[in-house]
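Trainee: File upload-v3.csv below, CSV, C-alpha atoms:
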chain,number,residue,atom,x,y,z
M,372,MET,CA,-17.2,32.6,1.0
M,373,VAL,CA,-17.4,31.1,4.5
M,374,THR,CA,-19.1,33.4,7.0
M,375,ILE,CA,-18.1,33.7,10.7
M,376,ASN,CA,-21.5,32.3,11.7
M,377,ASN,CA,-20.8,29.1,9.7
M,378,LEU,CA,-17.4,28.7,11.2
M,379,ASN,CA,-18.8,29.1,14.7
M,380,GLY,CA,-21.6,26.7,13.9
M,381,GLU,CA,-19.1,24.0,12.8
M,382,ARG,CA,-17.0,24.4,15.9
M,383,CYS,CA,-20.1,24.0,18.1
M,384,ARG,CA,-21.6,21.1,16.3
M,385,LYS,CA,-19.7,18.0,17.6
M,386,GLY,CA,-22.1,15.3,16.6
M,387,ARG,CA,-21.5,14.0,13.0
M,388,ILE,CA,-21.0,10.9,10.9
M,389,GLU,CA,-17.9,10.5,8.7
M,390,VAL,CA,-17.7,7.5,6.4
M,391,ILE,CA,-14.4,6.3,4.8
M,392,CYS,CA,-15.1,3.8,2.1
M,393,GLY,CA,-13.5,2.1,-0.9
M,394,SER,CA,-12.0,-1.2,-2.0
M,395,MET,CA,-9.6,-3.4,-0.1
M,396,PHE,CA,-6.0,-2.2,0.1
M,397,SER,CA,-7.2,1.5,-0.3
M,398,GLY,CA,-6.1,2.7,3.1
M,399,LYS,CA,-9.6,2.9,4.8
M,400,THR,CA,-8.4,1.5,8.2
M,401,GLU,CA,-5.2,3.5,8.0
M,402,GLU,CA,-7.3,6.7,7.7
M,403,LEU,CA,-9.6,5.6,10.5
M,404,ILE,CA,-6.7,5.0,12.8
M,405,ARG,CA,-5.2,8.4,11.8
M,406,ARG,CA,-8.4,10.2,12.7
M,407,MET,CA,-8.8,8.3,16.0
M,408,ARG,CA,-5.2,9.1,17.0
M,409,ARG,CA,-5.7,12.8,16.3
M,410,ALA,CA,-8.8,12.7,18.6
M,411,GLN,CA,-6.7,11.0,21.3
M,412,PHE,CA,-4.0,13.6,21.0
M,413,ALA,CA,-6.8,16.2,21.4
M,414,LYS,CA,-7.6,14.6,24.8
M,415,GLN,CA,-11.0,13.4,23.6
M,416,ARG,CA,-12.5,10.2,24.9
M,417,VAL,CA,-12.5,7.6,22.1
M,418,GLU,CA,-13.7,4.1,21.6
M,419,ILE,CA,-13.2,2.0,18.5
M,420,PHE,CA,-15.3,-1.1,17.5
M,421,LYS,CA,-14.9,-3.9,15.0
M,422,PRO,CA,-16.9,-7.0,14.1
M,423,SER,CA,-15.9,-10.0,16.2
M,424,ILE,CA,-15.5,-12.1,13.0
M,425,ASP,CA,-12.6,-10.0,11.9
M,426,THR,CA,-9.6,-11.8,13.5
M,427,ARG,CA,-7.2,-11.6,10.5
M,428,TYR,CA,-4.4,-9.7,12.4
M,429,SER,CA,-5.7,-9.5,16.0
M,430,GLU,CA,-8.7,-10.3,18.1
M,431,GLU,CA,-8.4,-7.1,20.1
M,432,ASP,CA,-6.9,-4.5,17.8
M,433,VAL,CA,-7.9,-2.8,14.6
M,434,VAL,CA,-4.9,-3.3,12.3
M,435,SER,CA,-4.2,-1.8,8.9
M,436,HIS,CA,-2.6,-3.7,6.0
M,437,ASP,CA,0.5,-1.6,6.9
M,438,GLN,CA,0.5,-3.0,10.4
M,439,ASN,CA,-0.5,0.2,12.2
M,440,SER,CA,-2.9,-0.7,15.0
M,441,ILE,CA,-5.2,0.8,17.7
M,442,HIS,CA,-6.9,-1.0,20.5
M,443,SER,CA,-10.6,-1.9,19.8
M,444,THR,CA,-13.6,-3.7,21.2
M,445,ALA,CA,-14.9,-6.6,19.2
M,446,ILE,CA,-18.7,-6.7,18.9
M,447,ASP,CA,-21.3,-9.2,17.5
M,448,SER,CA,-24.0,-6.6,16.7
M,449,SER,CA,-24.4,-2.9,16.3
M,450,GLY,CA,-26.6,-2.6,19.4
M,451,ASN,CA,-23.5,-3.4,21.5
M,452,ILE,CA,-22.1,0.0,20.5
M,453,LEU,CA,-24.7,2.0,22.3
M,454,LEU,CA,-24.1,-0.1,25.5
M,455,LEU,CA,-20.4,0.4,25.4
M,456,ALA,CA,-20.1,4.0,24.1
M,457,SER,CA,-21.4,6.0,27.0
M,458,ASP,CA,-19.4,9.1,27.9
M,459,ILE,CA,-17.4,8.8,24.6
M,460,ASP,CA,-16.6,11.8,22.4
M,461,VAL,CA,-15.5,9.9,19.3
M,462,VAL,CA,-16.6,6.4,18.2
M,463,GLY,CA,-14.7,4.6,15.5
M,464,ILE,CA,-16.1,1.6,13.6
M,465,ASP,CA,-14.0,-0.6,11.3
M,466,GLU,CA,-15.1,-3.1,8.7
M,467,ALA,CA,-18.7,-1.8,9.1
M,468,GLN,CA,-19.9,-3.8,6.1
M,469,PHE,CA,-19.9,-6.9,8.3
M,470,LEU,CA,-22.3,-5.4,10.8
M,471,ASP,CA,-26.1,-5.5,10.7
M,472,GLU,CA,-28.4,-2.9,9.2
M,473,GLY,CA,-29.2,-1.6,12.7
M,474,LEU,CA,-25.8,0.2,12.5
M,475,VAL,CA,-27.5,3.0,10.6
M,476,ASP,CA,-29.8,3.9,13.5
M,477,VAL,CA,-27.1,3.4,16.0
M,478,CYS,CA,-24.8,5.9,14.2
M,479,ASN,CA,-27.7,8.4,13.9
M,480,GLN,CA,-28.4,8.1,17.6
M,481,LEU,CA,-24.8,8.7,18.5
M,482,ALA,CA,-24.4,11.7,16.2
M,483,ASN,CA,-27.7,13.2,17.4
M,484,ASN,CA,-26.3,12.9,21.0
M,485,GLY,CA,-23.2,14.9,20.1
M,486,VAL,CA,-20.8,12.0,19.3
M,487,ARG,CA,-18.5,12.1,16.3
M,488,VAL,CA,-18.8,8.8,14.5
M,489,ILE,CA,-16.1,7.7,12.1
M,490,ILE,CA,-16.9,4.6,10.0
M,491,ALA,CA,-14.6,2.6,7.7
M,492,GLY,CA,-15.8,-0.2,5.4
M,493,LEU,CA,-16.0,-1.7,2.0
M,494,ASP,CA,-18.6,0.1,-0.1
M,495,MET,CA,-18.9,-3.0,-2.5
M,496,ASP,CA,-18.4,-6.7,-2.2
M,497,TYR,CA,-16.3,-8.8,-4.6
M,498,LYS,CA,-19.1,-8.7,-7.2
M,499,GLY,CA,-19.4,-5.0,-7.2
M,500,VAL,CA,-22.6,-5.0,-5.2
M,501,PRO,CA,-23.2,-2.4,-2.4
M,502,PHE,CA,-22.2,-4.1,0.8
M,503,GLY,CA,-24.3,-4.4,4.0
M,504,PRO,CA,-25.2,-1.1,5.8
M,505,MET,CA,-22.5,0.9,3.9
M,506,PRO,CA,-24.8,2.5,1.2
M,507,ALA,CA,-27.2,3.7,3.9
M,508,LEU,CA,-24.4,5.0,6.1
M,509,CYS,CA,-23.0,7.0,3.1
M,510,ALA,CA,-26.5,8.5,2.6
M,511,ILE,CA,-26.8,9.7,6.2
M,512,ALA,CA,-23.2,10.8,6.6
M,513,ASP,CA,-22.1,14.4,7.1
M,514,ASP,CA,-18.9,13.6,5.2
M,515,VAL,CA,-18.0,10.7,2.9
M,516,THR,CA,-14.3,10.0,1.9
M,517,LYS,CA,-13.9,7.5,-0.9
M,518,VAL,CA,-10.3,6.2,-1.0
M,519,HIS,CA,-8.8,4.2,-3.8
M,520,ALA,CA,-6.3,1.4,-4.1
M,521,ILE,CA,-4.2,1.1,-7.2
M,522,CYS,CA,-5.3,-1.5,-9.9
M,523,VAL,CA,-2.6,-4.2,-9.9
M,524,LYS,CA,-3.1,-4.8,-13.6
M,525,CYS,CA,-2.8,-1.3,-15.1
M,526,GLY,CA,-2.0,1.2,-12.3
M,527,ALA,CA,-5.3,3.1,-12.6
M,528,LEU,CA,-7.5,3.9,-9.5
M,529,ALA,CA,-9.1,0.6,-8.3
M,530,TYR,CA,-12.8,0.2,-8.4
M,531,VAL,CA,-13.5,-3.2,-6.8
M,532,SER,CA,-11.9,-5.9,-4.7
M,533,HIS,CA,-11.6,-8.9,-7.1
M,534,ARG,CA,-11.7,-12.3,-5.5
M,535,LEU,CA,-8.9,-14.6,-6.8
M,536,ILE,CA,-10.3,-17.9,-5.5
M,537,ALA,CA,-13.5,-19.8,-6.3
M,538,ASP,CA,-15.8,-19.2,-3.3
M,539,ASP,CA,-19.3,-17.9,-3.6
M,540,ARG,CA,-19.6,-16.8,0.1
M,541,ARG,CA,-20.3,-13.0,0.3
M,542,VAL,CA,-18.3,-12.7,3.5
M,543,MET,CA,-14.9,-14.2,3.2
M,544,LEU,CA,-12.0,-12.6,5.1
M,545,GLY,CA,-8.8,-12.5,3.1
M,546,GLU,CA,-5.7,-10.7,2.1
M,547,GLN,CA,-3.6,-10.4,-1.1
M,548,GLN,CA,-3.7,-14.2,-1.7
M,549,GLU,CA,-7.5,-14.0,-2.0
M,550,TYR,CA,-8.2,-10.5,-3.3
M,551,GLU,CA,-6.7,-8.0,-5.7
M,552,PRO,CA,-7.8,-4.4,-6.4
M,553,LEU,CA,-8.8,-3.8,-10.0
M,554,CYS,CA,-10.1,-0.8,-12.0
M,555,ARG,CA,-13.5,-1.1,-13.7
M,556,ASP,CA,-12.0,-2.0,-17.1
M,557,CYS,CA,-9.6,-4.7,-15.7
M,558,TYR,CA,-12.3,-6.1,-13.6
M,559,GLN,CA,-14.6,-6.6,-16.6
M,560,LYS,CA,-11.8,-8.2,-18.5
M,561,SER,CA,-11.1,-10.6,-15.6
M,562,LEU,CA,-14.8,-11.6,-15.5
M,563,LYS,CA,-14.8,-12.3,-19.2
M,564,ASN,CA,-11.6,-14.4,-18.8
M,565,GLU,CA,-13.2,-16.4,-16.0
M,566,CYS,CA,-16.3,-17.0,-18.0
M,567,SER,CA,-14.2,-18.2,-21.0
M,568,SER,CA,-12.2,-20.6,-18.7
M,569,LYS,CA,-15.4,-22.1,-17.3
M,570,ASP,CA,-16.8,-22.7,-20.8
M,571,LYS,CA,-13.7,-24.7,-21.9
Rewrite the coordinates I just gave you, this time as structure tokens.
Mentor:
Amino acid sequence: MVTINNLNGERCRKGRIEVICGSMFSGKTEELIRRMRRAQFAKQRVEIFKPSIDTRYSEEDVVSHDQNSIHSTAIDSSGNILLLASDIDVVGIDEAQFLDEGLVDVCNQLANNGVRVIIAGLDMDYKGVPFGPMPALCAIADDVTKVHAICVKCGALAYVSHRLIADDRRVMLGEQQEYEPLCRDCYQKSLKNECSSKDK
């Protein structure tokens, strides 16, 4: 049972960290945009940031795979956020996996100063390895939402973003031509098939 004191405490406590994570094509950016727009409708001062390397759809906007967009500021490092987020109520950060580990401290500072921080990013890279600052951000978050794409092979909930082309770089921007969402079982089968093809 929720007490009145708890409800009042939640209303008064503005500063918090929310993480939206999952594989590619799972709706992370869509959910980030939805939350940021709600904050705008509530007349809150918002600012959204994205890594400057992410120029897939736009250099200035955060754009979802469904082509929904919101204006953003491109940054080269997490430290830029503190410089640019003064007098802001809600800070959004997209593709957080591409930013440096300092993002964890930046988000904590913002939240401790009463700012609501909403972060979207891949929790794992194409090999299924935890990606950049995302694991630490999930650990310090007040709320973590894991969203799922649908496995293109069997229709189950996707587990990882499987890379379709031969490229060992950890950071490689791409879309459906380069990546596909797979469940754990189909991902393991794809790895075995790839190994068999290499052995031939």
Trainee: Within 10 Å of (-22.3, 5.3, 2.4) (file coordinates; only C-alpha atoms), which protein or nucleic acid residues are there? I'd like them as a list of chain:residue names.
Mentor: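 Output: M:Glu389, M:Val390, M:Ile391, M:Cys392, M:Gly393, M:Val475, M:Ile490, M:Ala491, M:Gly492, M:Leu493, M:Asp494, M:Pro501, M:Phe502, M:Pro504, M:Met505, M:Pro506, M:Ala507, M:Leu508, M:Cys509, M:Ala510, M:Ile511, M:Ala512, M:Asp514, M:Val515, M:Thr516, M:Lys517.
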Trainee: How many Å lie between atom CA of M:Asn479 and atom CA of M:Val518, rounded to one decimal?
Mentor: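 These atoms are spaced 23.0 Å apart.
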Trainee: Just want the 6 Å neighbourhood of M:His533, counted on only C-alpha atoms, with same-chain residues fewer than 5 positions away dropped. Output as a PyMOL selection string.
Mentor: chain M and resi 497+550-552
Trainee: Let me make sure I understand: among M:Arg387, M:Asn451, M:Val461, M:Ser394, which one has the smallest atom-to-atom distance to M:Gln411 if we use only C-alpha atoms?
Mentor: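 Of all the options, M:Val461 lies closest to M:Gln411.
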Trainee: Write out as a list in words each polymer residue whose atoms come within 10 Å of stretch 520-530 of chain M, counting only C-alpha atoms; drop sequence neighbours fewer than 6 positions from it.
Mentor: Gly393, Ser394, Met395, Phe396, Ser397, Gly398, Lys399, Met495, Gly499, Glu551, Pro552, Leu553, Cys554, Arg555, Asp556, Cys557 and Tyr558 of chain M
Trainee: Work out how far atom CA of M:Phe420 is from atom CA of M:Leu455, in Å to one decimal.
Mentor: 9.5 Å
Trainee: Could you check how far atom CA of M:Ile536 sits from atom CA of M:Glu565, in Å to one decimal?
Mentor: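 Computing it gives 11.0 Å between the two atoms.
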Trainee: Find the residue from M:Glu418, M:Glu402, M:Asp447, M:Glu549 that sits nearest to M:Leu474; use all atoms listed in the file when measuring.
Mentor: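 Among the listed residues, the smallest separation from M:Leu474 belongs to M:Asp447.
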Trainee: Determine, counting all atoms listed in the file, which protein, DNA and RNA residues have an atom within 6 Å of an atom of M:Val486; residues of the same chain fewer than 5 positions away are not included. Present the result as a count of residues only.
Mentor: 4
Trainee: Around (-20.3, -0.6, 20.0), as given in the file, which residues come within 10 Å? Count all atoms listed in the file and list them as a list in words.
Mentor: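 I get Glu418, Ile419, Phe420, Lys421, Pro422, Ser443, Thr444, Ala445, Ile446, Asp447, Ser448, Ser449, Gly450, Asn451, Ile452, Leu453, Leu454, Leu455, Ala456, Ser457, Val462, Gly463, Ile464, Leu474, Val477 and Cys478 of chain M for the residues within 10 Å of that point.
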Trainee: Go through M:Cys566, M:Ala413, M:Leu403, M:Ala482 one by one, measure the shortest atom-to-atom distance of each to M:Ala467 using only C-alpha atoms, and give the residue with the smallest value.
Mentor: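 Of M:Cys566, M:Ala413, M:Leu403, M:Ala482, the one nearest M:Ala467, counting only C-alpha atoms, is M:Leu403.
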